[in-house]
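> One structure, pasted below without further comment.
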Amino acid sequence: MEYLLTAEEMKSCDGTVIRHYQVPSLVLMERAALALTELLVQEQFDLSKTLVVCGSGNNGGDGFAVARILKLRKTDAAVWFVGNEASLTEEAALQKKICENYQVEFVRNPVLGEYTTIVDAIFGVGLSREVSGRYAEIIEKINASGAKVLAADIPSGVSASDGQILGTAIRADVTGALAFRKFGHLLYPGAGQCGKVHTLEIGITEEGFGGQKPRTWVLGWEVLSFLPVRFPDSNKGSFGKACMFAGSRDMAGAAYLSSKAAYYTGCGLVRIVSRECNRTILQTLLPEAVMTSMEELELKKAEEALAWASAAGIGPGIGTVRESESLVKAVLEWAQIPVLMDADALNILAKNPSWLMEERKAPLVLTPHLGEMSRLTGLGIGELKRNLPNVCREYAKKWKAVLVLKDSRTLISDGDALFVNERGTDGMATGGSGDVLSGIITGFLAQGVAPLQAACLGVYLHACAGERAEEKKGKPAMLAGDILNSFGKVMKEGRTE
């Protein structure tokens, strides 16, 4: 899978290539500039009048080199140096001098509306402070110019490490990520400033990590290697038994969607533990499932269901009443199989935070959206969004669980490794979508897929099914059932990739 880097990890990798492998920094800068120039051509930018806006750092050095290459290719390209002459890095100063030697035009007060293309090479990934004053004015003018914008490495003003916008940021049409993508290319709101992102090969490879390889990856088709293997002489007992504690009065849909999703993963048997009032509708909609009705405080039935199952999911539609609290507490105490907790189970845990810190026998997967995560941690949603990668990793470690932190970019961690999902569509922001994901992950857990792998596999395939549903229905008309109905097709296609 593709590595995803912070600004510090990129800086360290860059330094290792320069110091240990002795690749000159100027060589890397030249390769970056060539790759960015080729990207301008590839993406069919109108280069009839191009302005390269350069800062004082090495990102500006990349920009100077781009302007010179365009000049030598007989393109009308000018440089607007917006940095401080005294702050130029050694490499950027040399690239600026080379531009001057080749008589590249330097402009001081350009009319930005006259340019067809603007290359943003102001800050790059090293920015860690708020953009203000003159730089903020320049960025706002570029955004208002009407020109098509290419960002060198990352749009200026976007934090490479967490995707936050540091005051204001360039709104790029295309971004050329140098060597590796960074968090800021994937996490919102910064991701919304990047436009179409290309990863450009510039001579910095995985060897630059040395003995400090990143522990963060972007989910990709590689997760399909986690799919359970099926054999011709198998039977329903070969593919696990999932138990879904789901649904309450007027909430049969959550039980139906999660349980059917578990079946769609290839799970051999699914048992729904729900209220008696849901029996008729669930047995009508999903006759393949085993139905166990459990009324108030009939916890013996829960214990029996856990003993029967190879994995359990609890939470969709169960409510937060006293009886549901007792059920969640009992499952945590009794389960010796992997357990997924979602929705109302998480809200119950938020009211009883000590339960997550108690010793338990069951491997645990938690799947909160940001609202649920806020209740679980006591942190505001804004605070969570400003530090999603660290929050996900830290709380997974604290709770000794696999944490699936659901947002526009879902993050998954076991407290060590971190995975980021970039697939999916905002059409999936509809009631029941989370119930489908809960059932999918539980179904894979029941088939013996390890918790972290099951979470990665489930999140990725759920997102791909959402994309397929969007193709058929369009975003506004999508329902959770459409995601479910697309899931089998995605699984089938994945197996043949």
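In the structure tokens, each chain is lettered A, B, ... as it comes, each chain's residues begin at 1, and ligands are numbered from 1 in order of appearance.
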How would you write, as an NGL selection string, the set of residues in range 321-485 of chain A that DSSP gives as helix (DSSP H, G or I)?
:A and (322-334 or 344-351 or 353-357 or 370-377 or 381-385 or 388-399 or 426-428 or 433-446 or 451-473 or 480-485)
> What's the 12 Å shell around Lys141 in chain A, counting only C-alpha atoms, without same-chain residues fewer than 2 positions away, as a PyMOL selection string?
chain A and resi 53+109-113+118+134-139+143-147+168-171
> Just checking: using only C-alpha atoms, which residue out of A:Glu303, A:Ser161, A:Ala191, A:Leu282 ends up closest to Ser408 in chain A?
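Result for the nearest residue to Ser408 in chain A: A:Ala191.
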> Hey, which bits of range 186-214 of chain A sit within 12 Å of range 19-33 of chain A, and for each residue what's the closest pair of atoms and how far apart in Å (one decimal), counting only C-alpha atoms, rows by chain and increasing number, as a Markdown table?

```
| residue | atom | partner | partner_atom | distance |
| --- | --- | --- | --- | --- |
| A:Thr199 | CA | A:Ala32 | CA | 10.9 |
| A:Leu200 | CA | A:Ala32 | CA | 7.6 |
| A:Glu201 | CA | A:Ala32 | CA | 7.8 |
| A:Ile202 | CA | A:Arg31 | CA | 5.1 |
| A:Gly203 | CA | A:Leu28 | CA | 6.5 |
| A:Ile204 | CA | A:Leu28 | CA | 7.8 |
| A:Thr205 | CA | A:Tyr21 | CA | 11.3 |
| A:Glu207 | CA | A:Tyr21 | CA | 9.2 |
| A:Gly208 | CA | A:Tyr21 | CA | 8.4 |
| A:Phe209 | CA | A:His20 | CA | 10.9 |
| A:Gly210 | CA | A:His20 | CA | 9.3 |
```
> At most 9 Å is the cut-off: for each residue in range 394-414 of chain A with any atom that close to an atom of range 346-359 of chain A, write down the nearest atom pair and the distance in Å rounded to one decimal, counting only C-alpha atoms, chain first then increasing number, as JSON lines.

```
{"residue": "A:Lys398", "atom": "CA", "partner": "A:Met357", "partner_atom": "CA", "distance": 7.9}
{"residue": "A:Trp399", "atom": "CA", "partner": "A:Leu356", "partner_atom": "CA", "distance": 5.9}
{"residue": "A:Lys400", "atom": "CA", "partner": "A:Met357", "partner_atom": "CA", "distance": 8.3}
```
> Using all heavy atoms, can you write the selected residues to a file as a PDB file, in the first residue's frame?

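Result file follows (part31.pdb):
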```pdb
ATOM      1  N   LYS A 398      -4.984   3.586  23.777  1.00  0.00           N
ATOM      2  CA  LYS A 398      -5.524   3.733  25.132  1.00  0.00           C
ATOM      3  C   LYS A 398      -6.590   2.687  25.414  1.00  0.00           C
ATOM      4  O   LYS A 398      -6.631   2.090  26.508  1.00  0.00           O
ATOM      5  CB  LYS A 398      -6.099   5.138  25.296  1.00  0.00           C
ATOM      6  CG  LYS A 398      -6.751   5.402  26.646  1.00  0.00           C
ATOM      7  CD  LYS A 398      -7.287   6.827  26.714  1.00  0.00           C
ATOM      8  CE  LYS A 398      -7.969   7.086  28.062  1.00  0.00           C
ATOM      9  NZ  LYS A 398      -8.480   8.475  28.161  1.00  0.00           N
ATOM     10  N   TRP A 399      -7.465   2.453  24.447  1.00  0.00           N
ATOM     11  CA  TRP A 399      -8.580   1.529  24.649  1.00  0.00           C
ATOM     12  C   TRP A 399      -8.235   0.080  24.283  1.00  0.00           C
ATOM     13  O   TRP A 399      -9.062  -0.803  24.441  1.00  0.00           O
ATOM     14  CB  TRP A 399      -9.784   1.994  23.830  1.00  0.00           C
ATOM     15  CG  TRP A 399     -10.356   3.296  24.292  1.00  0.00           C
ATOM     16  CD1 TRP A 399     -10.346   3.797  25.556  1.00  0.00           C
ATOM     17  CD2 TRP A 399     -11.028   4.274  23.476  1.00  0.00           C
ATOM     18  NE1 TRP A 399     -10.986   5.018  25.594  1.00  0.00           N
ATOM     19  CE2 TRP A 399     -11.410   5.333  24.330  1.00  0.00           C
ATOM     20  CE3 TRP A 399     -11.352   4.362  22.123  1.00  0.00           C
ATOM     21  CZ2 TRP A 399     -12.093   6.468  23.873  1.00  0.00           C
ATOM     22  CZ3 TRP A 399     -12.026   5.475  21.661  1.00  0.00           C
ATOM     23  CH2 TRP A 399     -12.392   6.516  22.536  1.00  0.00           C
ATOM     24  N   LYS A 400      -7.027  -0.131  23.773  1.00  0.00           N
ATOM     25  CA  LYS A 400      -6.593  -1.463  23.336  1.00  0.00           C
ATOM     26  C   LYS A 400      -7.616  -2.069  22.377  1.00  0.00           C
ATOM     27  O   LYS A 400      -8.067  -3.203  22.537  1.00  0.00           O
ATOM     28  CB  LYS A 400      -6.378  -2.377  24.544  1.00  0.00           C
ATOM     29  CG  LYS A 400      -5.288  -1.886  25.489  1.00  0.00           C
ATOM     30  CD  LYS A 400      -5.128  -2.789  26.695  1.00  0.00           C
ATOM     31  CE  LYS A 400      -4.066  -2.245  27.643  1.00  0.00           C
ATOM     32  NZ  LYS A 400      -3.929  -3.081  28.863  1.00  0.00           N
TER      33      LYS A 400
END
```
> Neighbours of range 78-92 of chain A within 6 Å (only C-alpha atoms; same-chain residues fewer than 2 positions away dropped), as a ChimeraX atom specification?
/A:51-58,61,94-95,105-107
> Could you pull the residues within 10 Å of Ala255 in chain A, counting only C-alpha atoms, minus those fewer than 5 positions along the same chain, as a ChimeraX atom specification?
/A:244-248,260-261,272-274,278,282,314-318,432,435-436,439
> If you run DSSP on the backbone, which residues of range 255-451 of chain A are strand (DSSP E or B), as a ChimeraX atom specification?
/A:269-274,290-293,311-314,339-341,364-366,369,402-406,411-413,418-420
> I want to know what sits within 8 Å of Leu127 in chain A, based on only C-alpha atoms, with residues of the same chain fewer than 5 positions away left out; could you give that as a list in words?
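Once the nearby chain positions are removed, what remains is Ser156, Gly157, Val158, Ser159 and Ala160 of chain A.
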> Need to verify the contact set: Leu384 in chain A, 9 Å, only C-alpha atoms, exclusion of same-chain residues closer than 3 positions in sequence. Can you return it as a list in words?
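Neighbouring residues, sequence-local ones excluded: Leu370, Met373, Ser374, Leu379, Gly380, Ile381, Asn387, Leu388 and Val391 of chain A.
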> What would the file look like if the residues just selected were written as a tab-separated table (two decimals), in the first residue's frame with N, CA and C atoms?

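And here's again.tsv as it stands now:
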```
chain	number	residue	atom	x	y	z
A	370	LEU	N	-17.60	11.19	14.13
A	370	LEU	CA	-16.99	12.23	14.96
A	370	LEU	C	-17.87	12.65	16.14
A	373	MET	N	-17.36	9.99	18.66
A	373	MET	CA	-16.01	10.09	19.19
A	373	MET	C	-15.89	11.26	20.15
A	374	SER	N	-16.58	12.34	19.87
A	374	SER	CA	-16.58	13.49	20.76
A	374	SER	C	-17.16	13.12	22.12
A	379	LEU	N	-13.69	15.44	23.80
A	379	LEU	CA	-13.08	16.45	22.94
A	379	LEU	C	-14.12	17.01	21.98
A	380	GLY	N	-14.03	18.30	21.69
A	380	GLY	CA	-14.94	18.89	20.72
A	380	GLY	C	-14.65	18.40	19.31
A	381	ILE	N	-15.65	18.45	18.45
A	381	ILE	CA	-15.46	17.97	17.08
A	381	ILE	C	-14.39	18.78	16.36
A	387	ASN	N	-6.76	17.23	14.67
A	387	ASN	CA	-5.69	16.29	15.04
A	387	ASN	C	-6.11	14.85	14.83
A	388	LEU	N	-6.83	14.59	13.75
A	388	LEU	CA	-7.41	13.26	13.53
A	388	LEU	C	-6.40	12.11	13.57
A	391	VAL	N	-5.22	11.54	17.19
A	391	VAL	CA	-6.35	11.13	18.03
A	391	VAL	C	-6.70	9.67	17.78
```
> Could you tell me which of A:Leu327, A:Leu418, A:Ala93, A:Ala152 comes closest to Leu5 in chain A if we count only C-alpha atoms?
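Residue with the minimum atom-to-atom distance to Leu5 in chain A: A:Leu418.
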> Of the candidates A:Met428, A:Cys243, A:Val131, A:Ile154, which shows the shortest atom-to-atom distance to Phe183 in chain A, using only C-alpha atoms?
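Of all the options, A:Ile154 lies closest to Phe183 in chain A.
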> Quick one: pull the distance between CA of Lys397 in chain A and CA of Thr377 in chain A, Å, one decimal.
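CA of Thr377 in chain A lies 13.3 Å from CA of Lys397 in chain A.
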> Calculated over only C-alpha atoms, which of the candidates A:Arg386, A:Lys97, A:Arg423, A:Lys473 has the smallest distance to Gly184 in chain A?
A:Arg386
> Show me, as number ranges by chain, the residues that have an atom within 10 Å of range 36-39 of chain A when counting only C-alpha atoms, minus same-chain residues fewer than 5 positions from it.
A: 30-31, 44-45, 62-63, 65-67, 69-70, 119, 150-153, 174-178, 198, 200, 202
> Just give me the gap between CA of Thr50 in chain A and CA of Ala77 in chain A in Å, one decimal is fine.
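Value for the CA of Thr50 in chain A-CA of Ala77 in chain A distance: 4.6 Å.
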> Which residue, A:Ile98, A:Val149, A:Cys267, A:Leu340, has the smallest gap to Ser438 in chain A when you use only C-alpha atoms?
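The closest residue to Ser438 in chain A is A:Leu340.
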> Hey, which of A:Ala446, A:Met294, A:Leu286, A:Val41 ends up closest to Ile337 in chain A? Count only C-alpha atoms.
A:Ala446
> What does the structure give for the distance between CA of Cys392 in chain A and CA of Arg409 in chain A, in Å to one decimal?
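That distance, rounded to one decimal, is 12.1 Å.
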